[in-house]
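Shown next: run.txt, given as compact mmCIF, C-alpha atoms.
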# COMPACT_ATOMS: atom_id res chain seq x y z
CA MET R 1 158.91 98.49 100.45
CA ARG R 2 156.12 96.00 101.13
CA ALA R 3 153.56 98.79 100.82
CA ALA R 4 154.99 99.80 97.45
CA VAL R 5 154.89 96.22 96.21
CA LEU R 6 151.29 95.86 97.45
CA VAL R 7 150.23 99.04 95.66
CA VAL R 8 151.87 97.88 92.43
CA ALA R 9 150.22 94.47 92.77
CA LEU R 10 146.80 95.96 93.36
CA ALA R 11 147.23 98.36 90.48
CA SER R 12 148.26 95.52 88.19
CA THR R 13 145.27 93.43 89.30
CA ALA R 14 142.90 96.34 88.74
CA ALA R 15 144.35 97.01 85.30
CA PHE R 16 144.05 93.31 84.42
CA ALA R 17 140.43 93.25 85.64
CA GLN R 18 139.66 96.38 83.66
CA ASP R 19 141.11 94.80 80.53
CA ARG R 20 138.86 91.79 81.16
CA ILE R 21 135.64 93.79 81.32
CA GLU R 22 133.49 92.82 78.37
CA PRO R 23 131.23 95.34 76.61
CA VAL R 24 127.52 95.10 77.27
CA PRO R 25 125.87 92.98 74.55
CA LYS R 26 123.91 95.06 72.07
CA ALA R 27 120.74 93.13 72.92
CA LEU R 28 120.93 94.44 76.51
CA VAL R 29 121.70 98.09 75.86
CA ARG R 30 118.05 99.07 75.49
CA VAL R 31 116.70 96.57 78.04
CA GLY R 32 115.48 97.69 81.44
CA ILE R 33 112.83 99.45 83.49
CA ASP R 34 112.03 103.15 83.54
CA GLU R 35 109.75 103.37 86.56
CA LYS R 36 106.55 105.31 85.95
CA LEU R 37 104.96 105.38 89.38
CA ASP R 38 101.37 106.64 89.42
CA ALA R 39 101.21 106.46 85.61
CA ALA R 40 97.78 105.62 84.21
CA LEU R 41 97.60 102.26 82.49
CA PRO R 42 95.96 102.25 79.03
CA LEU R 43 92.91 100.32 80.17
CA SER R 44 91.21 100.47 76.78
CA LEU R 45 93.88 98.29 75.14
CA VAL R 46 92.52 95.12 73.55
CA PHE R 47 94.03 91.69 74.22
CA THR R 48 93.02 88.04 73.91
CA ASP R 49 92.54 85.96 77.05
CA GLU R 50 93.48 82.31 77.55
CA ALA R 51 90.04 81.20 76.34
CA GLY R 52 90.43 83.07 73.05
CA HIS R 53 88.02 85.87 73.98
CA THR R 54 88.69 89.50 73.12
CA VAL R 55 89.05 91.54 76.31
CA THR R 56 90.23 94.96 77.39
CA LEU R 57 92.91 95.48 80.01
CA GLY R 58 90.44 97.52 82.02
CA SER R 59 88.07 94.55 82.41
CA TYR R 60 90.36 93.21 85.15
CA PHE R 61 90.27 96.35 87.28
CA ARG R 62 87.50 96.53 89.86
CA PRO R 63 86.81 98.84 92.81
CA GLY R 64 88.74 97.87 95.94
CA ARG R 65 90.82 95.19 94.21
CA PRO R 66 94.50 95.83 93.38
CA VAL R 67 96.17 94.10 90.44
CA LEU R 68 99.50 92.32 90.07
CA LEU R 69 100.76 92.89 86.53
CA THR R 70 103.53 90.78 85.02
CA LEU R 71 105.05 91.04 81.54
CA ASN R 72 106.47 87.75 80.30
CA TYR R 73 106.49 85.60 77.22
CA TYR R 74 105.31 82.03 77.49
CA ARG R 75 108.07 80.38 75.44
CA CYS R 76 110.78 81.95 77.60
CA PRO R 77 113.25 79.16 78.46
CA MET R 78 114.46 80.59 81.77
CA LEU R 79 113.84 84.04 83.26
CA CYS R 80 110.07 84.23 82.88
CA THR R 81 109.67 80.76 84.35
CA LEU R 82 111.84 81.66 87.32
CA GLU R 83 109.93 84.88 87.87
CA LEU R 84 106.48 83.29 87.71
CA ASN R 85 107.61 80.37 89.88
CA GLY R 86 108.88 82.88 92.44
CA LEU R 87 105.61 84.78 92.29
CA VAL R 88 103.60 81.60 92.89
CA THR R 89 105.77 80.76 95.88
CA ALA R 90 105.14 84.20 97.37
CA MET R 91 101.41 83.98 96.65
CA LYS R 92 101.26 80.67 98.52
CA GLY R 93 102.51 82.55 101.57
CA LEU R 94 99.58 84.99 101.48
CA ALA R 95 96.19 84.59 103.07
CA TYR R 96 94.82 86.48 100.06
CA THR R 97 93.70 84.62 96.93
CA PRO R 98 93.58 85.91 93.34
CA GLY R 99 90.00 86.61 92.43
CA ASP R 100 89.03 87.44 96.01
CA GLU R 101 91.28 90.18 97.42
CA TYR R 102 93.30 90.93 94.27
CA SER R 103 93.76 90.00 90.61
CA VAL R 104 96.80 88.91 88.61
CA VAL R 105 97.23 89.78 84.94
CA THR R 106 100.10 88.20 83.01
CA VAL R 107 100.62 89.63 79.52
CA SER R 108 102.86 88.10 76.86
CA PHE R 109 105.01 90.66 75.07
CA ASP R 110 105.60 88.26 72.14
CA PRO R 111 102.88 89.07 69.57
CA ARG R 112 103.35 85.64 67.95
CA GLU R 113 102.06 83.76 71.00
CA THR R 114 98.51 82.42 71.04
CA ALA R 115 95.68 81.80 73.48
CA THR R 116 96.43 78.05 73.37
CA LEU R 117 99.87 78.65 74.83
CA ALA R 118 98.45 81.12 77.37
CA ARG R 119 95.86 78.55 78.47
CA ALA R 120 98.54 75.89 79.00
CA LYS R 121 100.59 78.31 81.13
CA LYS R 122 97.55 79.25 83.20
CA GLN R 123 96.69 75.62 83.91
CA ALA R 124 100.26 74.85 84.97
CA TYR R 125 100.56 77.79 87.36
CA LEU R 126 97.09 77.37 88.84
CA GLU R 127 97.92 73.74 89.56
CA ASP R 128 101.12 74.85 91.26
CA LEU R 129 99.30 77.52 93.30
CA GLY R 130 96.78 74.95 94.47
CA ARG R 131 93.83 77.30 94.96
CA PRO R 132 90.95 76.42 92.62
CA SER R 133 89.16 79.73 93.14
CA ALA R 134 92.20 81.54 91.70
CA GLU R 135 91.11 80.47 88.21
CA ALA R 136 88.82 83.50 88.10
CA GLY R 137 91.53 85.82 89.36
CA TRP R 138 94.69 85.04 87.36
CA HIS R 139 94.50 85.93 83.67
CA PHE R 140 97.00 85.11 80.91
CA LEU R 141 96.76 87.39 77.88
CA THR R 142 98.22 87.65 74.41
CA GLY R 143 97.93 90.59 72.06
CA SER R 144 98.95 92.46 68.95
CA ALA R 145 102.28 94.22 68.60
CA GLU R 146 100.47 97.56 68.88
CA SER R 147 98.77 96.71 72.19
CA ILE R 148 101.98 95.24 73.59
CA GLU R 149 103.99 98.31 72.64
CA ALA R 150 101.43 100.66 74.20
CA LEU R 151 101.35 98.73 77.48
CA THR R 152 105.11 98.25 77.82
CA LYS R 153 105.73 101.94 77.10
CA ALA R 154 103.13 102.96 79.67
CA VAL R 155 104.94 101.04 82.44
CA GLY R 156 108.50 101.71 81.20
CA PHE R 157 109.28 98.08 80.32
CA SER R 158 111.93 97.85 77.57
CA PHE R 159 112.86 94.56 75.93
CA GLU R 160 114.81 93.44 72.88
CA TYR R 161 114.34 90.55 70.47
CA ASP R 162 117.39 88.48 69.49
CA LYS R 163 116.90 86.91 66.05
CA ASP R 164 119.86 84.57 66.45
CA THR R 165 118.37 82.81 69.47
CA ASP R 166 114.70 83.62 68.82
CA GLN R 167 114.50 84.89 72.39
CA TYR R 168 113.84 88.18 74.18
CA ALA R 169 116.17 90.04 76.51
CA HIS R 170 114.11 91.58 79.28
CA ALA R 171 113.98 92.43 82.97
CA ALA R 172 112.27 90.44 85.73
CA VAL R 173 109.71 92.64 87.46
CA VAL R 174 106.23 92.41 88.97
CA MET R 175 104.15 95.57 89.17
CA THR R 176 101.25 96.41 91.44
CA ALA R 177 98.47 98.66 90.20
CA THR R 178 95.64 100.41 92.00
CA PRO R 179 92.01 99.43 91.39
CA GLU R 180 91.76 102.60 89.27
CA GLY R 181 94.56 101.38 86.99
CA ARG R 182 97.57 103.41 88.10
CA VAL R 183 101.07 101.97 88.62
CA ALA R 184 101.74 101.66 92.36
CA ARG R 185 104.99 99.71 92.82
CA TYR R 186 107.74 97.77 91.00
CA LEU R 187 109.08 94.58 92.61
CA TYR R 188 112.24 93.24 90.98
CA GLY R 189 113.78 89.79 90.78
CA VAL R 190 112.70 86.17 90.56
CA THR R 191 111.97 85.65 94.26
CA PHE R 192 109.56 87.71 96.32
CA GLU R 193 109.02 87.80 100.06
CA PRO R 194 105.36 87.15 100.94
CA ALA R 195 105.49 90.02 103.44
CA THR R 196 106.71 92.43 100.75
CA LEU R 197 104.08 91.22 98.29
CA LYS R 198 101.34 91.61 100.91
CA LEU R 199 102.39 95.14 101.83
CA ALA R 200 102.60 96.09 98.14
CA LEU R 201 99.03 94.85 97.62
CA LEU R 202 97.83 96.68 100.73
CA GLU R 203 99.50 99.85 99.50
CA ALA R 204 98.02 99.53 96.00
CA SER R 205 94.54 98.90 97.42
CA LYS R 206 94.79 102.06 99.54
CA GLY R 207 93.53 100.17 102.55
CA LYS R 208 90.59 98.54 100.78
CA ILE R 209 91.78 95.00 101.49
CA GLY R 210 93.23 93.41 104.60
CA SER R 211 92.25 93.55 108.23
CA THR R 212 92.39 96.65 110.41
CA TRP R 213 95.62 95.37 111.93
CA GLU R 214 97.20 94.84 108.50
CA ARG R 215 96.26 98.37 107.45
CA PHE R 216 97.81 99.63 110.69
CA ILE R 217 101.01 97.71 109.94
CA LEU R 218 101.16 99.32 106.48
CA TYR R 219 101.11 102.74 108.12
CA CYS R 220 104.31 101.80 109.95
CA TYR R 221 106.19 100.75 106.82
CA HIS R 222 107.50 102.46 103.70
CA TYR R 223 109.02 100.95 100.59
CA ASP R 224 112.82 100.99 100.55
CA ALA R 225 113.77 101.01 96.86
CA ASP R 226 117.45 100.32 97.60
CA ARG R 227 116.66 97.18 99.57
CA GLY R 228 113.67 96.17 97.44
CA ARG R 229 111.34 95.71 100.39
CA TYR R 230 109.30 97.55 102.99
CA SER R 231 111.13 98.90 106.03
CA LEU R 232 109.88 100.18 109.35
CA ALA R 233 109.18 103.90 109.05
CA ALA R 234 110.69 105.67 112.06
CA LEU R 235 108.52 108.78 111.69
CA ALA R 236 105.30 106.79 111.63
CA VAL R 237 106.40 104.79 114.67
CA MET R 238 107.24 108.02 116.51
CA ARG R 239 103.83 109.44 115.67
CA ILE R 240 102.08 106.33 116.86
CA GLY R 241 104.24 106.24 119.97
CA GLY R 242 103.40 109.88 120.67
CA ALA R 243 99.70 109.21 120.24
CA VAL R 244 99.83 106.19 122.55
CA THR R 245 101.79 108.18 125.14
CA ALA R 246 99.22 110.97 124.97
CA LEU R 247 96.39 108.49 125.49
CA VAL R 248 98.15 106.90 128.45
CA LEU R 249 98.78 110.28 130.05
CA CYS R 250 95.17 111.30 129.51
CA SER R 251 94.01 108.05 131.09
CA VAL R 252 96.30 108.50 134.11
CA ILE R 253 95.36 112.14 134.60
CA GLY R 254 91.69 111.29 134.11
CA GLY R 255 91.95 108.53 136.71
CA PHE R 256 93.54 110.89 139.24
CA TRP R 257 90.83 113.48 138.55
CA LEU R 258 88.02 110.98 139.04
CA ARG R 259 89.48 109.67 142.30
CA GLU R 260 89.96 113.20 143.59
CA ARG R 261 86.40 114.08 142.70
CA ARG R 262 85.04 111.02 144.51
CA HIS R 263 87.04 111.93 147.62
CA ARG R 264 85.58 115.42 147.60
CA LEU R 265 82.04 114.12 147.21
CA VAL R 266 82.48 111.59 150.01
CA GLY R 267 84.13 114.22 152.26
Mind turning this structure into structure tokens?
Amino acid sequence: MRAAVLVVALASTAAFAQDRIEPVPKALVRVGIDEKLDAALPLSLVFTDEAGHTVTLGSYFRPGRPVLLTLNYYRCPMLCTLELNGLVTAMKGLAYTPGDEYSVVTVSFDPRETATLARAKKQAYLEDLGRPSAEAGWHFLTGSAESIEALTKAVGFSFEYDKDTDQYAHAAVVMTATPEGRVARYLYGVTFEPATLKLALLEASKGKIGSTWERFILYCYHYDADRGRYSLAALAVMRIGGAVTALVLCSVIGGFWLRERRHRLVG
């Protein structure tokens, strides 16, 4: 009897919860990310930097230097600020500095925004980061609707403008790109682990940045999309373990052989 009552109660609760489910707002239906890993970025697109100069996206891609790409709008009252604040916090935990080992390109997807606003955002975030040399490595861009549409389509970033609130519905994501301008990884959320950010940059650079030890560590890890971070790769560890075991055995056998040879020569 108790079991029957429990089943009825659970069923009633589930039905009530189902009745309470609200439909997804229209502004969010077409919002999201369609990952386009290894897609080529349209590097010839023209934007305006924070100083008011006309630049191409490709001008920020250099040999051996990966790029962090973020799509935000500077008047965003909440999500963009949280995302960029989280990115700065993660960057503080890295030994790498924008402009030295990697570059950061932040592009506004609101075509109404100007270089003046981009410059104010850059100054605020550089002050928060606290690394003066990063001024040459973190770029804040604005652009035309055509350039914005081409870039967001290339990386699968969909957003929606809400006229009632004069705001955009969008996802929170940071992308890494290779020095050649191809999408390497998507990192979601408003907080980022420094270790995950470092491994993503190492991966995007294809071993061109970082110490020998850091490149070795990257070999042992793979990106776990479900967990949103890099996890220890069992196969790589087994391979390394097998190689180390083989070297140890060779050393032991070689040692025995040398000692035996010396005994024969002495005898």
Residues near Ala195 (chain R), cut-off 10 Å, all atoms listed in the file, skip fewer than 3 positions along chain, as a list of chain:residue names: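 What passes the distance filter is R:Ala90, R:Met91, R:Gly93, R:Leu94, R:Phe192, R:Lys198, R:Leu199, R:Ala200, R:Leu201, R:Arg229, R:Tyr230.
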Written selection (C-alpha atoms) as a short mmCIF file (atom, residue, chain, number, x, y, z; two decimals), in the coordinates of the input:
data_model
loop_
_atom_site.label_atom_id
_atom_site.label_comp_id
_atom_site.auth_asym_id
_atom_site.auth_seq_id
_atom_site.Cartn_x
_atom_site.Cartn_y
_atom_site.Cartn_z
CA ALA R 90 105.14 84.20 97.37
CA MET R 91 101.41 83.98 96.65
CA GLY R 93 102.51 82.55 101.57
CA LEU R 94 99.58 84.99 101.48
CA PHE R 192 109.56 87.71 96.32
CA LYS R 198 101.34 91.61 100.91
CA LEU R 199 102.39 95.14 101.83
CA ALA R 200 102.60 96.09 98.14
CA LEU R 201 99.03 94.85 97.62
CA ARG R 229 111.34 95.71 100.39
CA TYR R 230 109.30 97.55 102.99
#
CA of Asp100 (chain R) to CA of Leu57 (chain R), distance in Å rounded to a single decimal: 18.3 Å
R:Thr97, R:Gln167, R:Ser158, R:Thr176 ranked by distance to Asp110 (chain R), top pick (using all atoms listed in the file): R:Gln167
Distance criterion (all atoms listed in the file): nearest to Tyr186 (chain R) out of R:Ala145, R:Ala172, R:Ala115, R:Val31: R:Ala172
From R:Lys92, R:Lys36, R:Arg30, R:Arg62, residue lying nearest Ser205 (chain R) [all atoms listed in the file]: R:Arg62
Answer as a list of chain:residue names, residues within 12 Å of (91.2, 110.0, 88.4) using only C-alpha atoms: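 Taken together, the residues in range are R:Asp38, R:Ala39, R:Ala40, R:Leu41, R:Thr178, R:Pro179, R:Glu180, R:Gly181, R:Arg182.
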Can I get the residues of region 77-171 of chain R within 6 Å of region 47-50 of chain R, each with the closest pair of atoms and their distance in Å to one decimal, using only C-alpha atoms, sorted chain first then ascending number, as a tab-separated table?
residue	atom	partner	partner_atom	distance
R:Ala115	CA	R:Glu50	CA	4.7
R:Ala118	CA	R:Glu50	CA	5.1
R:Arg119	CA	R:Glu50	CA	4.5
R:Phe140	CA	R:Glu50	CA	5.6
R:Leu141	CA	R:Asp49	CA	4.5
R:Thr142	CA	R:Thr48	CA	5.2
R:Gly143	CA	R:Phe47	CA	4.6
Interatomic distance, CA of Ala51 (chain R) to CA of Ala134 (chain R) (Å, one decimal): 15.5 Å
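Between CA of Gly137 (chain R) and CA of Asp34 (chain R) the separation is 27.5 Å.
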Dump region 62-80 of chain R with N, CA and C atoms to a file, as a short mmCIF file (atom, residue, chain, number, x, y, z; two decimals), in the first residue's frame.
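Writing the result to decode_37.cif gives the following:
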data_model
loop_
_atom_site.label_atom_id
_atom_site.label_comp_id
_atom_site.auth_asym_id
_atom_site.auth_seq_id
_atom_site.Cartn_x
_atom_site.Cartn_y
_atom_site.Cartn_z
N ARG R 62 50.21 35.28 -35.86
CA ARG R 62 51.63 35.24 -36.17
C ARG R 62 52.16 33.83 -35.96
N PRO R 63 53.21 33.46 -36.66
CA PRO R 63 53.77 32.11 -36.53
C PRO R 63 54.16 31.79 -35.08
N GLY R 64 53.74 30.62 -34.63
CA GLY R 64 54.11 30.15 -33.29
C GLY R 64 53.30 30.74 -32.16
N ARG R 65 52.34 31.62 -32.45
CA ARG R 65 51.58 32.27 -31.38
C ARG R 65 50.09 31.97 -31.51
N PRO R 66 49.51 31.18 -30.59
CA PRO R 66 48.08 30.91 -30.64
C PRO R 66 47.27 32.14 -30.24
N VAL R 67 45.99 32.10 -30.52
CA VAL R 67 45.12 33.25 -30.25
C VAL R 67 43.90 32.81 -29.45
N LEU R 68 43.58 33.57 -28.41
CA LEU R 68 42.32 33.43 -27.70
C LEU R 68 41.33 34.39 -28.35
N LEU R 69 40.20 33.87 -28.80
CA LEU R 69 39.19 34.69 -29.45
C LEU R 69 37.93 34.71 -28.61
N THR R 70 37.45 35.89 -28.26
CA THR R 70 36.20 36.01 -27.53
C THR R 70 35.24 36.91 -28.31
N LEU R 71 33.96 36.55 -28.27
CA LEU R 71 32.91 37.35 -28.92
C LEU R 71 32.00 37.88 -27.82
N ASN R 72 32.02 39.18 -27.66
CA ASN R 72 31.24 39.85 -26.61
C ASN R 72 30.69 41.15 -27.16
N TYR R 73 29.86 41.81 -26.38
CA TYR R 73 29.55 43.20 -26.73
C TYR R 73 29.77 44.03 -25.48
N TYR R 74 30.30 45.22 -25.66
CA TYR R 74 30.88 45.98 -24.57
C TYR R 74 29.84 46.61 -23.64
N ARG R 75 28.61 46.76 -24.12
CA ARG R 75 27.56 47.31 -23.27
C ARG R 75 26.81 46.21 -22.51
N CYS R 76 27.22 44.98 -22.65
CA CYS R 76 26.53 43.87 -22.01
C CYS R 76 26.50 44.07 -20.49
N PRO R 77 25.32 44.03 -19.87
CA PRO R 77 25.22 44.34 -18.45
C PRO R 77 25.64 43.20 -17.53
N MET R 78 25.80 41.97 -18.06
CA MET R 78 26.09 40.88 -17.14
C MET R 78 27.02 39.82 -17.71
N LEU R 79 26.54 39.02 -18.67
CA LEU R 79 27.25 37.81 -19.07
C LEU R 79 28.64 38.08 -19.63
N CYS R 80 28.75 39.06 -20.51
CA CYS R 80 30.06 39.36 -21.10
C CYS R 80 31.06 39.80 -20.04
#
